[in-house]
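> One structure, pasted below without further comment.
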Number of protein chains: 2
Amino acid sequence: MKLYQLAPSPSARRVGIFMKEIGVEIESVHVDIRGGANLTEEFLGKSANGRIPLLELDDGTYICESVAICRYLEATSDPLPQSLFGNGALEQAQVEMWHRIVEFQGLYTALQAFRNISGVYSDRENCVPSWGEESKARLISFLPTLNTQLASHKFIAGEHFSIADITLFVLINFAKNIDVEIPEELNHLALWFKTVAARPSVQ
Amino acid sequence: MKLYQLAPSPSARRVGIFMKEIGVEIESVHVDIRGGANLTEEFLGKSANGRIPLLELDDGTYICESVAICRYLEATSDPLPQSLFGNGALEQAQVEMWHRIVEFQGLYTALQAFRNISGVYSDRENCVPSWGEESKARLISFLPTLNTQLASHKFIAGEHFSIADITLFVLINFAKNIDVEIPEELNHLALWFKTVAARPSVQ
């Protein structure tokens, strides 16, 4: 297998931490996204969403979308003591629920803020700076929801570390790009961040 | 179990079709979202994202986020001949991949277009009409990707009907609200839509 990616991107970081957590190593191929290497016809023929990370299986099948890649890697690894997608129907639903909340209200909102404010991809997309600012404001007003959940739970989806924690960790790090940090009063979120930052998988 | 929802919303439609496909019936409770019934402290104490649909289990546990609800309902139903999330590692990854593509580039983009252009929730959120128009343009330019995939596959994630088809069907119907319809030249997408529209679950 090969993993096509752009090392500093949040999606690549997400898959990278996930792989370390489940003990999987794959050959990595750098794709120069900012230089437009993902806009070639060759790349678009491989990646259904035209994006990285992109996993190439040994039979030439391609899987894009970071969460789909994580699911595939976990399902094809040796049975794990604790699945990062949750064990059993209820926990799996709770991981899915919190992961979606963190993705839609968190990471995706932060990405829209960053791309529309910075104009980093203005060579290939129309940017709307006022939407960037609105997204940033929404991200800031979303953080207390996370703090409330972490006041009574060790991890964001419950008592076990899950993919939702990985996405949240990537989000908090990425948010620095739009000058958003954990406010002092959200102490449960801050403590959670410190705990996760100490895991070997994120070093 | 009880399902709190707003009948005409895309999310409720998604869960509704999913339940019919797997043969599950649950008591439904109408929530007057446009009247702000989801903004009360009581509701926010139940729904982690403050939104519907919201599933109440018999023990008083709540699950929000439509895809998390679908996962829970499928996992707790009798074993199904064909899971709507895919069977086996590769198919599950392909369903996840296409579902995410359809959600992020499709349904979520259409929702942002609709909310920002129509201002339907301008009593509780800042709308940016130019982002609404940009989202609409991005949705239109995304449709050929779906057509290409459906040129060589019976359903959007492959040869089996999946939750990705349900979300895509809901998207195509919802897009009418922003005057987006399947263009005539995307004949594979149009044929797929006709096939899915004939399923008993969507009647």
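Within each chain, counting starts at residue 1; across the structure tokens, chains are named A, B, ... in the order shown, with ligands numbered 1 upward in that order.
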Step one, run DSSP on the backbone; step two, keep only residues of stretch 22-164 of chain B assigned to helix (DSSP H, G or I); then write them as a ChimeraX atom specification.
/B:22,37-39,41-46,66-75,88-118,129-152,163-164
> Using only C-alpha atoms, find which residues of chain A lie within 9 Å of chain B and jot them down as a PDB file with N, CA and C atoms, in the first residue's frame.

ATOM      1  N   ALA A  48     -11.261  10.195  -6.146  1.00  0.00           N
ATOM      2  CA  ALA A  48     -12.638  10.560  -6.508  1.00  0.00           C
ATOM      3  C   ALA A  48     -12.983  11.977  -6.089  1.00  0.00           C
ATOM      4  N   ASN A  49     -12.383  12.480  -5.007  1.00  0.00           N
ATOM      5  CA  ASN A  49     -12.686  13.850  -4.581  1.00  0.00           C
ATOM      6  C   ASN A  49     -11.587  14.827  -5.012  1.00  0.00           C
ATOM      7  N   ILE A  63      -8.529   4.667  -2.411  1.00  0.00           N
ATOM      8  CA  ILE A  63      -9.510   5.150  -1.438  1.00  0.00           C
ATOM      9  C   ILE A  63      -9.081   6.541  -1.001  1.00  0.00           C
ATOM     10  N   CYS A  64      -9.961   7.520  -1.192  1.00  0.00           N
ATOM     11  CA  CYS A  64      -9.691   8.855  -0.670  1.00  0.00           C
ATOM     12  C   CYS A  64     -10.628   9.123   0.514  1.00  0.00           C
ATOM     13  N   GLU A  65     -10.578  10.313   1.066  1.00  0.00           N
ATOM     14  CA  GLU A  65     -11.324  10.712   2.267  1.00  0.00           C
ATOM     15  C   GLU A  65     -10.670  10.080   3.502  1.00  0.00           C
ATOM     16  N   SER A  66     -10.103  10.927   4.343  1.00  0.00           N
ATOM     17  CA  SER A  66      -9.291  10.423   5.453  1.00  0.00           C
ATOM     18  C   SER A  66     -10.023   9.447   6.375  1.00  0.00           C
ATOM     19  N   VAL A  67     -11.284   9.694   6.658  1.00  0.00           N
ATOM     20  CA  VAL A  67     -11.993   8.796   7.575  1.00  0.00           C
ATOM     21  C   VAL A  67     -12.233   7.433   6.926  1.00  0.00           C
ATOM     22  N   ALA A  68     -12.477   7.425   5.620  1.00  0.00           N
ATOM     23  CA  ALA A  68     -12.633   6.152   4.907  1.00  0.00           C
ATOM     24  C   ALA A  68     -11.314   5.378   4.953  1.00  0.00           C
ATOM     25  N   ILE A  69     -10.200   6.082   4.799  1.00  0.00           N
ATOM     26  CA  ILE A  69      -8.876   5.445   4.874  1.00  0.00           C
ATOM     27  C   ILE A  69      -8.663   4.848   6.273  1.00  0.00           C
ATOM     28  N   CYS A  70      -9.004   5.616   7.300  1.00  0.00           N
ATOM     29  CA  CYS A  70      -8.850   5.112   8.681  1.00  0.00           C
ATOM     30  C   CYS A  70      -9.696   3.863   8.908  1.00  0.00           C
ATOM     31  N   ARG A  71     -10.946   3.898   8.449  1.00  0.00           N
ATOM     32  CA  ARG A  71     -11.805   2.721   8.605  1.00  0.00           C
ATOM     33  C   ARG A  71     -11.186   1.501   7.930  1.00  0.00           C
ATOM     34  N   TYR A  72     -10.663   1.702   6.719  1.00  0.00           N
ATOM     35  CA  TYR A  72     -10.081   0.574   5.983  1.00  0.00           C
ATOM     36  C   TYR A  72      -8.871   0.024   6.727  1.00  0.00           C
ATOM     37  N   LEU A  73      -8.006   0.923   7.175  1.00  0.00           N
ATOM     38  CA  LEU A  73      -6.780   0.469   7.850  1.00  0.00           C
ATOM     39  C   LEU A  73      -7.107  -0.259   9.145  1.00  0.00           C
ATOM     40  N   GLU A  74      -8.084   0.238   9.882  1.00  0.00           N
ATOM     41  CA  GLU A  74      -8.440  -0.445  11.130  1.00  0.00           C
ATOM     42  C   GLU A  74      -9.064  -1.809  10.851  1.00  0.00           C
ATOM     43  N   ALA A  75      -9.965  -1.862   9.866  1.00  0.00           N
ATOM     44  CA  ALA A  75     -10.675  -3.118   9.583  1.00  0.00           C
ATOM     45  C   ALA A  75      -9.744  -4.195   9.055  1.00  0.00           C
ATOM     46  N   THR A  76      -8.631  -3.797   8.419  1.00  0.00           N
ATOM     47  CA  THR A  76      -7.724  -4.788   7.858  1.00  0.00           C
ATOM     48  C   THR A  76      -6.508  -5.048   8.758  1.00  0.00           C
ATOM     49  N   GLY A  88     -19.215  -1.965  20.000  1.00  0.00           N
ATOM     50  CA  GLY A  88     -20.641  -2.150  20.278  1.00  0.00           C
ATOM     51  C   GLY A  88     -21.477  -1.025  19.689  1.00  0.00           C
ATOM     52  N   ALA A  89     -22.769  -1.301  19.521  1.00  0.00           N
ATOM     53  CA  ALA A  89     -23.671  -0.381  18.812  1.00  0.00           C
ATOM     54  C   ALA A  89     -23.736   1.006  19.446  1.00  0.00           C
ATOM     55  N   LEU A  90     -23.874   1.068  20.766  1.00  0.00           N
ATOM     56  CA  LEU A  90     -24.043   2.384  21.404  1.00  0.00           C
ATOM     57  C   LEU A  90     -22.764   3.216  21.314  1.00  0.00           C
ATOM     58  N   GLN A  92     -20.304   2.906  19.237  1.00  0.00           N
ATOM     59  CA  GLN A  92     -20.048   3.275  17.832  1.00  0.00           C
ATOM     60  C   GLN A  92     -20.905   4.472  17.426  1.00  0.00           C
ATOM     61  N   ALA A  93     -22.149   4.489  17.892  1.00  0.00           N
ATOM     62  CA  ALA A  93     -23.032   5.621  17.568  1.00  0.00           C
ATOM     63  C   ALA A  93     -22.542   6.890  18.257  1.00  0.00           C
ATOM     64  N   GLN A  94     -22.045   6.749  19.479  1.00  0.00           N
ATOM     65  CA  GLN A  94     -21.567   7.931  20.201  1.00  0.00           C
ATOM     66  C   GLN A  94     -20.277   8.486  19.580  1.00  0.00           C
ATOM     67  N   VAL A  95     -19.413   7.595  19.128  1.00  0.00           N
ATOM     68  CA  VAL A  95     -18.195   8.053  18.434  1.00  0.00           C
ATOM     69  C   VAL A  95     -18.590   8.755  17.134  1.00  0.00           C
ATOM     70  N   GLU A  96     -19.494   8.135  16.394  1.00  0.00           N
ATOM     71  CA  GLU A  96     -19.940   8.753  15.125  1.00  0.00           C
ATOM     72  C   GLU A  96     -20.566  10.123  15.394  1.00  0.00           C
ATOM     73  N   MET A  97     -21.397  10.193  16.421  1.00  0.00           N
ATOM     74  CA  MET A  97     -22.074  11.444  16.770  1.00  0.00           C
ATOM     75  C   MET A  97     -21.069  12.542  17.091  1.00  0.00           C
ATOM     76  N   TRP A  98     -20.153  12.272  17.991  1.00  0.00           N
ATOM     77  CA  TRP A  98     -19.187  13.303  18.382  1.00  0.00           C
ATOM     78  C   TRP A  98     -18.185  13.608  17.283  1.00  0.00           C
ATOM     79  N   ARG A 100     -18.820  13.557  14.108  1.00  0.00           N
ATOM     80  CA  ARG A 100     -19.510  14.440  13.165  1.00  0.00           C
ATOM     81  C   ARG A 100     -19.646  15.853  13.724  1.00  0.00           C
ATOM     82  N   ILE A 101     -19.953  15.966  14.994  1.00  0.00           N
ATOM     83  CA  ILE A 101     -20.062  17.293  15.617  1.00  0.00           C
ATOM     84  C   ILE A 101     -18.714  18.021  15.511  1.00  0.00           C
ATOM     85  N   GLN A 105     -18.932  21.173  12.926  1.00  0.00           N
ATOM     86  CA  GLN A 105     -18.915  22.444  13.648  1.00  0.00           C
ATOM     87  C   GLN A 105     -17.492  22.877  13.993  1.00  0.00           C
ATOM     88  N   ASN A 126     -12.991  30.710  -5.490  1.00  0.00           N
ATOM     89  CA  ASN A 126     -13.423  32.043  -5.078  1.00  0.00           C
ATOM     90  C   ASN A 126     -13.457  32.103  -3.560  1.00  0.00           C
ATOM     91  N   CYS A 127     -12.828  33.098  -2.995  1.00  0.00           N
ATOM     92  CA  CYS A 127     -12.853  33.240  -1.537  1.00  0.00           C
ATOM     93  C   CYS A 127     -13.855  34.317  -1.146  1.00  0.00           C
ATOM     94  N   VAL A 128     -14.508  34.105  -0.021  1.00  0.00           N
ATOM     95  CA  VAL A 128     -15.469  35.069   0.514  1.00  0.00           C
ATOM     96  C   VAL A 128     -15.018  35.388   1.949  1.00  0.00           C
ATOM     97  N   SER A 130     -15.794  37.467   4.195  1.00  0.00           N
ATOM     98  CA  SER A 130     -16.801  37.656   5.254  1.00  0.00           C
ATOM     99  C   SER A 130     -17.335  36.306   5.749  1.00  0.00           C
ATOM    100  N   TRP A 131     -17.368  35.308   4.861  1.00  0.00           N
ATOM    101  CA  TRP A 131     -17.754  33.964   5.319  1.00  0.00           C
ATOM    102  C   TRP A 131     -16.632  33.367   6.181  1.00  0.00           C
ATOM    103  N   GLU A 134     -17.141  34.868   9.551  1.00  0.00           N
ATOM    104  CA  GLU A 134     -18.330  34.276  10.180  1.00  0.00           C
ATOM    105  C   GLU A 134     -18.006  32.853  10.672  1.00  0.00           C
ATOM    106  N   THR A 145     -19.211  23.926  23.857  1.00  0.00           N
ATOM    107  CA  THR A 145     -19.901  22.630  23.760  1.00  0.00           C
ATOM    108  C   THR A 145     -18.923  21.498  24.068  1.00  0.00           C
ATOM    109  N   GLN A 149     -18.925  18.800  27.403  1.00  0.00           N
ATOM    110  CA  GLN A 149     -18.844  17.340  27.272  1.00  0.00           C
ATOM    111  C   GLN A 149     -17.635  16.800  28.035  1.00  0.00           C
TER     112      GLN A 149
END
> What residues in stretch 54-201 of chain B get the DSSP label strand (DSSP E or B)? Please answer as a short mmCIF file (atom, residue, chain, number, x, y, z; two decimals) with N, CA and C atoms, in the first residue's frame.

data_model
loop_
_atom_site.label_atom_id
_atom_site.label_comp_id
_atom_site.auth_asym_id
_atom_site.auth_seq_id
_atom_site.Cartn_x
_atom_site.Cartn_y
_atom_site.Cartn_z
N LEU B 54 -33.13 13.58 16.65
CA LEU B 54 -32.57 13.19 17.95
C LEU B 54 -33.27 11.90 18.36
N LEU B 55 -32.50 10.87 18.64
CA LEU B 55 -33.07 9.58 19.02
C LEU B 55 -32.98 9.42 20.53
N GLU B 56 -34.11 9.10 21.15
CA GLU B 56 -34.12 8.82 22.60
C GLU B 56 -34.24 7.32 22.79
N TYR B 62 -29.51 9.78 24.74
CA TYR B 62 -29.86 10.50 23.50
C TYR B 62 -28.74 10.39 22.48
N ILE B 63 -29.12 10.21 21.24
CA ILE B 63 -28.15 10.21 20.13
C ILE B 63 -28.63 11.20 19.08
N CYS B 64 -27.79 12.19 18.77
CA CYS B 64 -28.12 13.10 17.67
C CYS B 64 -27.20 12.79 16.50
N PHE B 155 -24.78 1.93 -8.30
CA PHE B 155 -25.08 2.88 -7.23
C PHE B 155 -23.85 3.73 -6.96
N GLY B 158 -20.86 1.91 -5.51
CA GLY B 158 -20.50 0.64 -6.12
C GLY B 158 -21.72 -0.09 -6.64
#
> Write out as JSON lines a residue-level contact list of stretch 74-143 of chain B versus stretch 168-183 of chain B with cut-off 7 Å: for each qualifying residue the closest pair of atoms and the distance in Å to one decimal, counting only C-alpha atoms, rows sorted by chain and residue number upward.

{"residue": "B:Val102", "atom": "CA", "partner": "B:Leu168", "partner_atom": "CA", "distance": 6.2}
{"residue": "B:Gly106", "atom": "CA", "partner": "B:Leu171", "partner_atom": "CA", "distance": 6.7}
{"residue": "B:Leu107", "atom": "CA", "partner": "B:Leu171", "partner_atom": "CA", "distance": 5.2}
{"residue": "B:Ala110", "atom": "CA", "partner": "B:Ala175", "partner_atom": "CA", "distance": 6.3}
{"residue": "B:Phe114", "atom": "CA", "partner": "B:Ile178", "partner_atom": "CA", "distance": 6.0}
> For the residues selected in the previous step, produce a file with N, CA and C atoms as a JSON list (two decimals), in the first residue's frame.

[["chain", "number", "residue", "atom", "x", "y", "z"],
["B", 102, "VAL", "N", -20.39, 12.91, -0.98],
["B", 102, "VAL", "CA", -21.75, 13.40, -1.22],
["B", 102, "VAL", "C", -22.18, 14.38, -0.12],
["B", 106, "GLY", "N", -21.71, 17.84, -1.49],
["B", 106, "GLY", "CA", -23.10, 17.89, -1.95],
["B", 106, "GLY", "C", -24.05, 18.49, -0.92],
["B", 107, "LEU", "N", -24.52, 17.65, 0.00],
["B", 107, "LEU", "CA", -25.60, 18.08, 0.90],
["B", 107, "LEU", "C", -25.23, 19.27, 1.77],
["B", 110, "ALA", "N", -25.10, 22.36, -0.30],
["B", 110, "ALA", "CA", -26.46, 22.80, -0.66],
["B", 110, "ALA", "C", -27.14, 23.47, 0.53],
["B", 114, "PHE", "N", -28.54, 27.23, 0.64],
["B", 114, "PHE", "CA", -29.93, 27.53, 0.98],
["B", 114, "PHE", "C", -30.05, 28.48, 2.17]]
